[in-house]
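Shown here: data29.cif, mmCIF, C-alpha atoms and all ligand atoms.
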data_upload
loop_
_atom_site.label_atom_id
_atom_site.label_comp_id
_atom_site.auth_asym_id
_atom_site.auth_seq_id
_atom_site.Cartn_x
_atom_site.Cartn_y
_atom_site.Cartn_z
CA LEU A 30 -11.73 7.93 15.96
CA ALA A 31 -10.73 7.20 19.52
CA GLU A 32 -7.78 9.10 20.92
CA ASN A 33 -5.28 6.30 20.82
CA ASN A 34 -6.40 4.81 17.55
CA PRO A 35 -4.28 5.66 14.59
CA SER A 36 -6.16 6.45 11.41
CA VAL A 37 -5.19 4.00 8.71
CA VAL A 38 -6.10 4.13 5.04
CA PHE A 39 -5.23 1.17 2.82
CA VAL A 40 -4.19 2.26 -0.66
CA LEU A 41 -4.77 -0.56 -3.13
CA GLY A 42 -4.71 -1.04 -6.89
CA GLY A 43 -2.87 -3.04 -9.51
CA PRO A 44 0.85 -2.79 -10.23
CA GLY A 45 1.55 0.62 -11.75
CA SER A 46 -1.91 2.00 -10.99
CA GLY A 47 -0.29 5.05 -9.31
CA LYS A 48 -0.45 4.18 -5.60
CA GLY A 49 2.97 5.60 -4.76
CA THR A 50 2.48 8.72 -6.88
CA GLN A 51 -0.85 9.61 -5.30
CA CYS A 52 0.34 8.77 -1.77
CA ALA A 53 3.07 11.40 -2.17
CA ASN A 54 0.38 13.97 -3.00
CA ILE A 55 -1.80 12.91 -0.08
CA VAL A 56 1.14 13.25 2.33
CA GLU A 57 1.71 16.81 1.17
CA HIS A 58 -1.91 17.88 1.47
CA PHE A 59 -3.27 15.89 4.38
CA GLY A 60 -0.33 15.17 6.71
CA TYR A 61 -0.29 11.40 6.49
CA THR A 62 2.75 9.19 6.79
CA HIS A 63 3.18 7.01 3.72
CA LEU A 64 4.19 3.41 4.30
CA SER A 65 4.67 1.40 1.11
CA ALA A 66 4.85 -2.29 1.98
CA GLY A 67 6.84 -2.86 -1.23
CA ASP A 68 9.34 -0.13 -0.31
CA LEU A 69 9.75 -1.60 3.19
CA LEU A 70 10.40 -5.03 1.69
CA ARG A 71 12.91 -3.61 -0.80
CA ALA A 72 14.68 -1.78 2.04
CA GLU A 73 14.82 -5.06 3.94
CA ILE A 74 16.57 -6.71 0.99
CA LYS A 75 19.12 -3.88 0.85
CA SER A 76 19.78 -4.03 4.59
CA GLY A 77 21.13 -7.53 4.13
CA SER A 78 18.69 -9.06 6.61
CA GLU A 79 18.39 -12.82 6.90
CA ASN A 80 15.05 -12.70 5.08
CA GLY A 81 16.50 -10.62 2.25
CA THR A 82 17.14 -13.43 -0.19
CA MET A 83 13.69 -14.94 0.29
CA ILE A 84 12.00 -11.53 -0.15
CA GLN A 85 14.01 -10.84 -3.29
CA GLU A 86 12.98 -14.16 -4.83
CA MET A 87 9.32 -13.54 -4.04
CA ILE A 88 9.36 -10.04 -5.54
CA ARG A 89 11.17 -11.28 -8.64
CA GLU A 90 8.38 -13.82 -9.12
CA GLY A 91 5.61 -11.33 -8.29
CA LYS A 92 4.60 -13.50 -5.33
CA ILE A 93 3.28 -12.29 -2.00
CA VAL A 94 5.78 -12.35 0.86
CA PRO A 95 4.54 -14.20 4.01
CA SER A 96 2.33 -11.97 6.16
CA GLU A 97 4.47 -12.22 9.26
CA VAL A 98 7.44 -10.64 7.47
CA THR A 99 5.51 -7.73 5.97
CA ILE A 100 3.46 -7.11 9.10
CA LYS A 101 6.54 -6.98 11.28
CA LEU A 102 8.01 -4.31 9.02
CA LEU A 103 4.79 -2.29 8.98
CA GLN A 104 4.40 -2.58 12.73
CA LYS A 105 7.97 -1.47 13.35
CA ALA A 106 7.56 1.54 11.05
CA MET A 107 4.23 2.59 12.57
CA GLN A 108 5.47 2.40 16.11
CA ALA A 109 8.65 4.30 15.32
CA ILE A 110 6.86 7.21 13.70
CA GLY A 111 5.31 9.98 15.75
CA ASN A 112 2.22 10.26 13.60
CA ASP A 113 -1.20 8.72 13.92
CA LYS A 114 -2.30 8.96 10.28
CA PHE A 115 -0.97 6.30 7.96
CA LEU A 116 -1.37 5.46 4.30
CA ILE A 117 -0.56 1.80 3.92
CA ASP A 118 0.28 1.36 0.23
CA GLY A 119 0.13 -2.04 -1.44
CA PHE A 120 -1.02 -4.01 1.60
CA PRO A 121 -3.06 -6.15 2.37
CA ARG A 122 -2.49 -8.05 -0.87
CA ASN A 123 -4.42 -11.22 -0.11
CA GLU A 124 -7.03 -12.44 2.34
CA GLU A 125 -4.35 -14.01 4.49
CA ASN A 126 -2.55 -10.63 4.78
CA ARG A 127 -5.82 -8.95 5.71
CA VAL A 128 -6.81 -11.43 8.39
CA ALA A 129 -3.30 -11.51 9.89
CA PHE A 130 -3.15 -7.72 10.09
CA GLU A 131 -6.58 -7.54 11.71
CA LYS A 132 -5.28 -9.71 14.53
CA VAL A 133 -2.30 -7.48 15.24
CA LYS A 134 -2.44 -5.39 18.35
CA MET A 135 -0.24 -2.36 18.48
CA SER A 136 0.71 -0.09 21.27
CA MET A 137 0.95 3.29 19.66
CA SER A 138 2.55 6.45 20.82
CA ASN A 139 0.02 8.99 19.73
CA GLY A 140 1.66 12.07 18.23
CA LEU A 141 3.86 13.71 20.83
CA ARG A 142 2.24 11.82 23.66
CA LEU A 143 4.05 8.89 25.21
CA ASP A 144 3.05 5.31 24.81
CA THR A 145 -0.13 4.85 26.81
CA GLY A 146 0.37 1.13 27.15
CA LEU A 147 -2.98 0.58 25.48
CA GLN A 148 -3.05 -2.05 22.79
CA THR A 149 -5.20 -1.24 19.83
CA LYS A 150 -6.36 -3.23 16.86
CA ILE A 151 -6.08 -1.42 13.57
CA GLU A 152 -9.12 -1.15 11.33
CA PRO A 153 -8.77 0.86 8.14
CA ALA A 154 -10.88 4.01 8.12
CA PHE A 155 -11.44 3.31 4.43
CA VAL A 156 -9.76 1.81 1.39
CA LEU A 157 -8.66 3.80 -1.64
CA PHE A 158 -8.82 1.68 -4.77
CA PHE A 159 -7.05 2.90 -7.88
CA ASP A 160 -8.81 1.24 -10.78
CA CYS A 161 -6.78 1.12 -13.99
CA PRO A 162 -6.78 -1.06 -17.13
CA GLU A 163 -3.88 -3.49 -17.50
CA LYS A 164 -2.65 -1.99 -20.77
CA GLU A 165 -2.17 1.39 -19.09
CA MET A 166 -0.53 -0.10 -15.98
CA GLU A 167 1.88 -2.05 -18.15
CA ARG A 168 2.74 1.04 -20.20
CA ARG A 169 3.50 2.98 -17.00
CA ILE A 170 5.67 0.29 -15.45
CA LEU A 171 7.67 -0.30 -18.61
CA SER A 172 8.43 3.41 -18.97
CA ARG A 173 9.33 3.89 -15.29
CA ASN A 174 13.00 2.86 -15.53
CA GLN A 175 13.86 2.80 -11.85
CA GLY A 176 15.74 -0.47 -12.09
CA ARG A 177 13.15 -2.51 -10.20
CA GLU A 178 13.82 -6.18 -10.70
CA ASP A 179 10.12 -6.88 -11.14
CA ASP A 180 9.60 -4.31 -13.90
CA ASN A 181 9.96 -6.66 -16.86
CA VAL A 182 7.23 -8.01 -19.13
CA GLU A 183 7.40 -11.51 -17.69
CA THR A 184 7.15 -10.50 -14.02
CA ILE A 185 4.53 -7.85 -14.81
CA ARG A 186 2.26 -10.63 -16.20
CA LYS A 187 2.70 -12.55 -12.94
CA ARG A 188 2.00 -9.43 -10.84
CA PHE A 189 -1.22 -8.83 -12.79
CA ASN A 190 -2.36 -12.41 -12.23
CA VAL A 191 -1.60 -12.26 -8.51
CA PHE A 192 -3.51 -8.98 -8.31
CA LEU A 193 -6.59 -10.49 -9.99
CA ASP A 194 -6.51 -13.78 -8.07
CA SER A 195 -5.42 -12.63 -4.61
CA SER A 196 -5.73 -8.87 -4.18
CA LEU A 197 -9.11 -8.18 -5.80
CA PRO A 198 -10.84 -10.42 -3.22
CA VAL A 199 -9.49 -8.13 -0.47
CA ILE A 200 -11.00 -5.13 -2.24
CA ARG A 201 -14.29 -7.01 -2.60
CA HIS A 202 -14.24 -7.80 1.12
CA TYR A 203 -14.06 -4.11 1.99
CA GLU A 204 -16.50 -3.19 -0.79
CA ALA A 205 -19.10 -5.44 0.83
CA ARG A 206 -18.59 -3.40 4.01
CA GLY A 207 -19.00 -0.06 2.24
CA LYS A 208 -15.40 0.92 2.88
CA VAL A 209 -14.04 1.27 -0.65
CA GLU A 210 -13.50 4.58 -2.41
CA LYS A 211 -12.91 3.63 -6.04
CA ILE A 212 -11.06 6.03 -8.28
CA ASP A 213 -10.60 5.98 -12.05
CA ALA A 214 -6.81 5.94 -12.11
CA ALA A 215 -6.41 5.85 -15.89
CA ARG A 216 -6.51 9.65 -16.10
CA PRO A 217 -3.56 12.08 -15.79
CA VAL A 218 -1.96 12.40 -12.31
CA ALA A 219 -3.53 15.78 -11.52
CA GLU A 220 -7.02 14.63 -12.45
CA VAL A 221 -6.68 11.51 -10.32
CA PHE A 222 -5.48 13.61 -7.39
CA GLN A 223 -8.48 15.92 -7.79
CA SER A 224 -10.71 12.90 -7.14
CA VAL A 225 -8.50 11.82 -4.24
CA LYS A 226 -8.81 15.26 -2.65
CA GLU A 227 -12.58 15.12 -2.93
CA ILE A 228 -12.50 11.95 -0.86
CA PHE A 229 -10.07 13.12 1.83
CA ALA A 230 -11.11 16.73 2.30
CA PRO A 231 -14.60 16.16 3.75
CA LYS A 232 -13.37 13.36 6.02
CA TYR A 233 -10.63 15.38 7.62
CA GLU A 234 -11.51 19.05 7.55
N1 LIG B 301 2.26 7.27 -13.13
C1 LIG B 301 1.61 7.25 -11.95
N2 LIG B 301 0.38 7.79 -12.07
C2 LIG B 301 0.23 8.11 -13.39
C3 LIG B 301 -0.84 8.69 -14.15
N3 LIG B 301 -2.00 9.04 -13.57
N4 LIG B 301 -0.65 8.88 -15.47
C4 LIG B 301 0.53 8.51 -16.07
N5 LIG B 301 1.59 7.97 -15.41
C5 LIG B 301 1.44 7.77 -14.07
O1 LIG B 301 3.37 4.67 -10.76
C6 LIG B 301 3.94 3.81 -11.74
C7 LIG B 301 4.52 4.64 -12.87
O2 LIG B 301 3.47 5.32 -13.54
C8 LIG B 301 5.48 5.75 -12.39
O3 LIG B 301 6.49 5.91 -13.34
C9 LIG B 301 4.59 6.98 -12.32
O4 LIG B 301 5.32 8.15 -12.53
C10 LIG B 301 3.60 6.73 -13.42
P1 LIG B 301 3.46 4.35 -9.19
O5 LIG B 301 2.90 5.51 -8.48
O6 LIG B 301 4.82 3.91 -8.87
O7 LIG B 301 2.44 3.12 -9.11
P2 LIG B 301 2.28 2.00 -8.03
O8 LIG B 301 0.84 1.62 -8.03
O9 LIG B 301 2.90 2.42 -6.75
O10 LIG B 301 3.13 0.84 -8.75
P3 LIG B 301 4.04 -0.26 -8.09
O11 LIG B 301 4.79 -0.87 -9.24
O12 LIG B 301 4.81 0.24 -6.94
O13 LIG B 301 2.92 -1.27 -7.59
P4 LIG B 301 3.04 -2.73 -7.11
O14 LIG B 301 1.83 -2.97 -6.35
O15 LIG B 301 3.32 -3.66 -8.23
O16 LIG B 301 4.42 -2.72 -6.26
P5 LIG B 301 4.71 -2.81 -4.71
O17 LIG B 301 5.97 -2.11 -4.48
O18 LIG B 301 3.54 -2.46 -3.93
O19 LIG B 301 4.98 -4.39 -4.56
C11 LIG B 301 6.04 -5.00 -5.25
C12 LIG B 301 6.14 -6.45 -4.88
O20 LIG B 301 6.45 -6.55 -3.49
C13 LIG B 301 4.86 -7.28 -5.04
O21 LIG B 301 4.70 -7.76 -6.36
C14 LIG B 301 5.13 -8.42 -4.06
O22 LIG B 301 6.02 -9.36 -4.60
C15 LIG B 301 5.83 -7.68 -2.92
N6 LIG B 301 4.90 -7.28 -1.85
C16 LIG B 301 4.47 -8.24 -0.96
O23 LIG B 301 4.82 -9.40 -1.07
N7 LIG B 301 3.64 -7.87 0.07
C17 LIG B 301 3.21 -6.58 0.23
O24 LIG B 301 2.46 -6.32 1.19
C18 LIG B 301 3.67 -5.60 -0.67
C19 LIG B 301 4.50 -5.98 -1.71
MG MG B 302 4.45 1.62 -5.50
#

Could the structure of this file be written out as structure tokens, please?
Ligand code: UP5
Ligand code: MG
Amino acid sequence: LAENNPSVVFVLGGPGSGKGTQCANIVEHFGYTHLSAGDLLRAEIKSGSENGTMIQEMIREGKIVPSEVTIKLLQKAMQAIGNDKFLIDGFPRNEENRVAFEKVKMSMSNGLRLDTGLQTKIEPAFVLFFDCPEKEMERRILSRNQGREDDNVETIRKRFNVFLDSSLPVIRHYEARGKVEKIDAARPVAEVFQSVKEIFAPKYE
């Protein structure tokens, strides 16, 4: 990767497939910064921003928030953080998200270095895809109990449908370009992370 280009990995998979859980492990072992698009959107609701109500409605319905909103939050977070390795969790969620993000140019401050003024487009180095059957994802979400407004049977159904209709095409797009690392996410956390490590270690040692 070029000096000023941040290294970005998209972490994708259905609702409850374990994206957040595995990202926490990756951060510990490989020094990435974890940016969950869902967490950023939930923080935006809490902050009482003018978009908060709209975001809350979308999440409650399992719908995808307009790209410009999510991208602005991601961009702000990336530029504020003095790291150049990012795990972007749960984004892009549809083709529109993907195309909009590809158009974004960011001026990054690389590590401790100051902003070089160079604008870079962000291409993911690769895409991690956590593959998990719906029954297992549903079981995990329903036993999570973190008070998320979208963790109820009705919204879970909607999230699954949106994943199949809108998010899988994004994964197929990257698959066609040889960029997808698919992981069987139905196994216990430690076993899944073993597979994750086998993907990251050779790329970054
Ligand atoms: N768990 C994890 N791994 C396990 C394992 N291997 N074995 C057994 N249990 C396991 O895990 C879920 C639960 O399962 C946890 O209790 C965990 O301990 C356990 P987690 O790691 O949280 O899974 P994750 O894939 O992160 O599930 P999450 O529910 O966060 O996924 P979603 O994709 O549904 O949620 P997200 O926060 O990304 O998005 C929420 C909503 O925000 C979307 O529906 C959408 O409305 C909106 N959104 C946008 O509009 N745009 C975006 O770009 C992003 C989000
Ligand atoms: Mg998550």

Residues of chain A that have any atom at most 6 Å from an atom of ligand LIG 301 (chain B): could you tabulate them with the shortest-distance atom pair and the distance in Å to one decimal, using all atoms listed in the file, ordered by chain and increasing number, as a Markdown table?
| residue | atom | partner | partner_atom | distance |
| --- | --- | --- | --- | --- |
| A:Gly43 | CA | B:LIG301 | O14 | 5.7 |
| A:Pro44 | CA | B:LIG301 | O15 | 3.3 |
| A:Gly45 | CA | B:LIG301 | O10 | 3.4 |
| A:Ser46 | CA | B:LIG301 | O8 | 4.1 |
| A:Gly47 | CA | B:LIG301 | O5 | 3.3 |
| A:Lys48 | CA | B:LIG301 | O8 | 3.8 |
| A:Gly49 | CA | B:LIG301 | O5 | 3.7 |
| A:Thr50 | CA | B:LIG301 | O5 | 3.6 |
| A:Ala66 | CA | B:LIG301 | C18 | 4.4 |
| A:Gly67 | CA | B:LIG301 | O17 | 3.4 |
| A:Asp68 | CA | B:LIG301 | O17 | 5.7 |
| A:Met87 | CA | B:LIG301 | O22 | 5.4 |
| A:Ile88 | CA | B:LIG301 | O22 | 3.5 |
| A:Gly91 | CA | B:LIG301 | O21 | 4.2 |
| A:Lys92 | CA | B:LIG301 | O22 | 4.4 |
| A:Ile93 | CA | B:LIG301 | O23 | 3.4 |
| A:Val94 | CA | B:LIG301 | O23 | 3.7 |
| A:Thr99 | CA | B:LIG301 | O24 | 5.8 |
| A:Gly119 | CA | B:LIG301 | O18 | 4.2 |
| A:Phe120 | CA | B:LIG301 | O24 | 4.2 |
| A:Pro121 | CA | B:LIG301 | O24 | 5.6 |
| A:Arg122 | CA | B:LIG301 | O24 | 5.6 |
| A:Arg169 | CA | B:LIG301 | O2 | 4.2 |
| A:Ile170 | CA | B:LIG301 | C7 | 5.2 |
| A:Arg173 | CA | B:LIG301 | O3 | 4.0 |
| A:Arg188 | CA | B:LIG301 | O21 | 5.5 |
| A:Ala214 | CA | B:LIG301 | N3 | 5.9 |
| A:Ala215 | CA | B:LIG301 | N3 | 5.9 |
| A:Arg216 | CA | B:LIG301 | N3 | 5.2 |
| A:Pro217 | CA | B:LIG301 | N3 | 4.1 |
| A:Val218 | CA | B:LIG301 | N3 | 3.6 |

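The shell of residues at most 12 Å from range 71-81 of chain A, with only C-alpha atoms counted and near chain neighbours (fewer than 6 positions) removed, consists of Leu64, Ser65, Met87, Ile88, Arg89, Val94, Pro95, Glu97, Val98, Thr99, Lys101, Leu102, Leu103, Ala106, Arg177, Glu178 and Asp179 of chain A.
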
Resulting file, chosen residues, C-alpha atoms, as a compact mmCIF listing (two decimals), keeping the file's coordinate frame:
# COMPACT_ATOMS: atom_id res chain seq x y z
CA LEU A 64 4.19 3.41 4.30
CA SER A 65 4.67 1.40 1.11
CA MET A 87 9.32 -13.54 -4.04
CA ILE A 88 9.36 -10.04 -5.54
CA ARG A 89 11.17 -11.28 -8.64
CA VAL A 94 5.78 -12.35 0.86
CA PRO A 95 4.54 -14.20 4.01
CA GLU A 97 4.47 -12.22 9.26
CA VAL A 98 7.44 -10.64 7.47
CA THR A 99 5.51 -7.73 5.97
CA LYS A 101 6.54 -6.98 11.28
CA LEU A 102 8.01 -4.31 9.02
CA LEU A 103 4.79 -2.29 8.98
CA ALA A 106 7.56 1.54 11.05
CA ARG A 177 13.15 -2.51 -10.20
CA GLU A 178 13.82 -6.18 -10.70
CA ASP A 179 10.12 -6.88 -11.14

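Taking CA of Phe39 in chain A as the reference point, CA of Ile117 in chain A is found at 4.8 Å.
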
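Among the candidates A:Ile185, A:Phe158, A:Ser96, A:Asn174, the residue lying nearest to Glu124 in chain A is A:Ser96 (atoms considered: only C-alpha atoms).
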
Original post:
Quick one: distance from CA of Asp194 in chain A to CA of Gln175 in chain A in Å, one decimal?
Top reply: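 Separation between CA of Asp194 in chain A and CA of Gln175 in chain A: 26.5 Å.
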
**OP:** Would you work out the distance separating CA of Phe115 in chain A from CA of Pro35 in chain A, expressed in Å to one decimal?
**Re:** 7.4 Å

Original post:
Which of these residues is nearest to Val199 in chain A, using all atoms listed in the file: A:Glu163, A:Asn112, A:Glu125, A:Lys226?
Top reply: A:Glu125

Subject >> Neighbour list for Phe155 in chain A as a VMD selection string, cut-off 8 Å, only C-alpha atoms, skip fewer than 3 positions in-chain >> reply: chain A and resid 37 to 39 208 to 210

Original post:
Out of A:Leu197, A:Met166, A:Glu90, A:Lys132, which residue has the shortest atom-to-atom distance to ligand MG 302 (chain B) when counting all atoms listed in the file?
Top reply: A:Met166

Subject >> Distance criterion (all atoms listed in the file): nearest to Ile200 in chain A out of A:Phe159, A:Tyr61, A:Phe222, A:Phe130 >> reply: A:Phe159

**OP:** Go through A:Pro231, A:Pro198, A:Gly42, A:Gly207 and flag the residue nearest Asp118 in chain A, using all atoms listed in the file for the distances.
**Re:** A:Gly42

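Closest approach to Asp113 in chain A among A:Ile151, A:Val225, A:Leu70, A:Leu171: A:Ile151, based on only C-alpha atoms.
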
Report, as AutoDock Vina command-line options, the axis-aligned box around all atoms of range 64-80 of chain A present in the file, extended by 6 Å on each side; give centre and edge lengths in Å to one decimal place.
--center_x 12.7 --center_y -4.7 --center_z 2.8 --size_x 28.9 --size_y 28.2 --size_z 20.1

Original post:
Which polymer residues have any atom within 7 Å of an atom of Lys150 in chain A, counting all atoms listed in the file, with same-chain residues fewer than 6 positions away left out, as a PyMOL selection string?
Top reply: chain A and resi 131-135
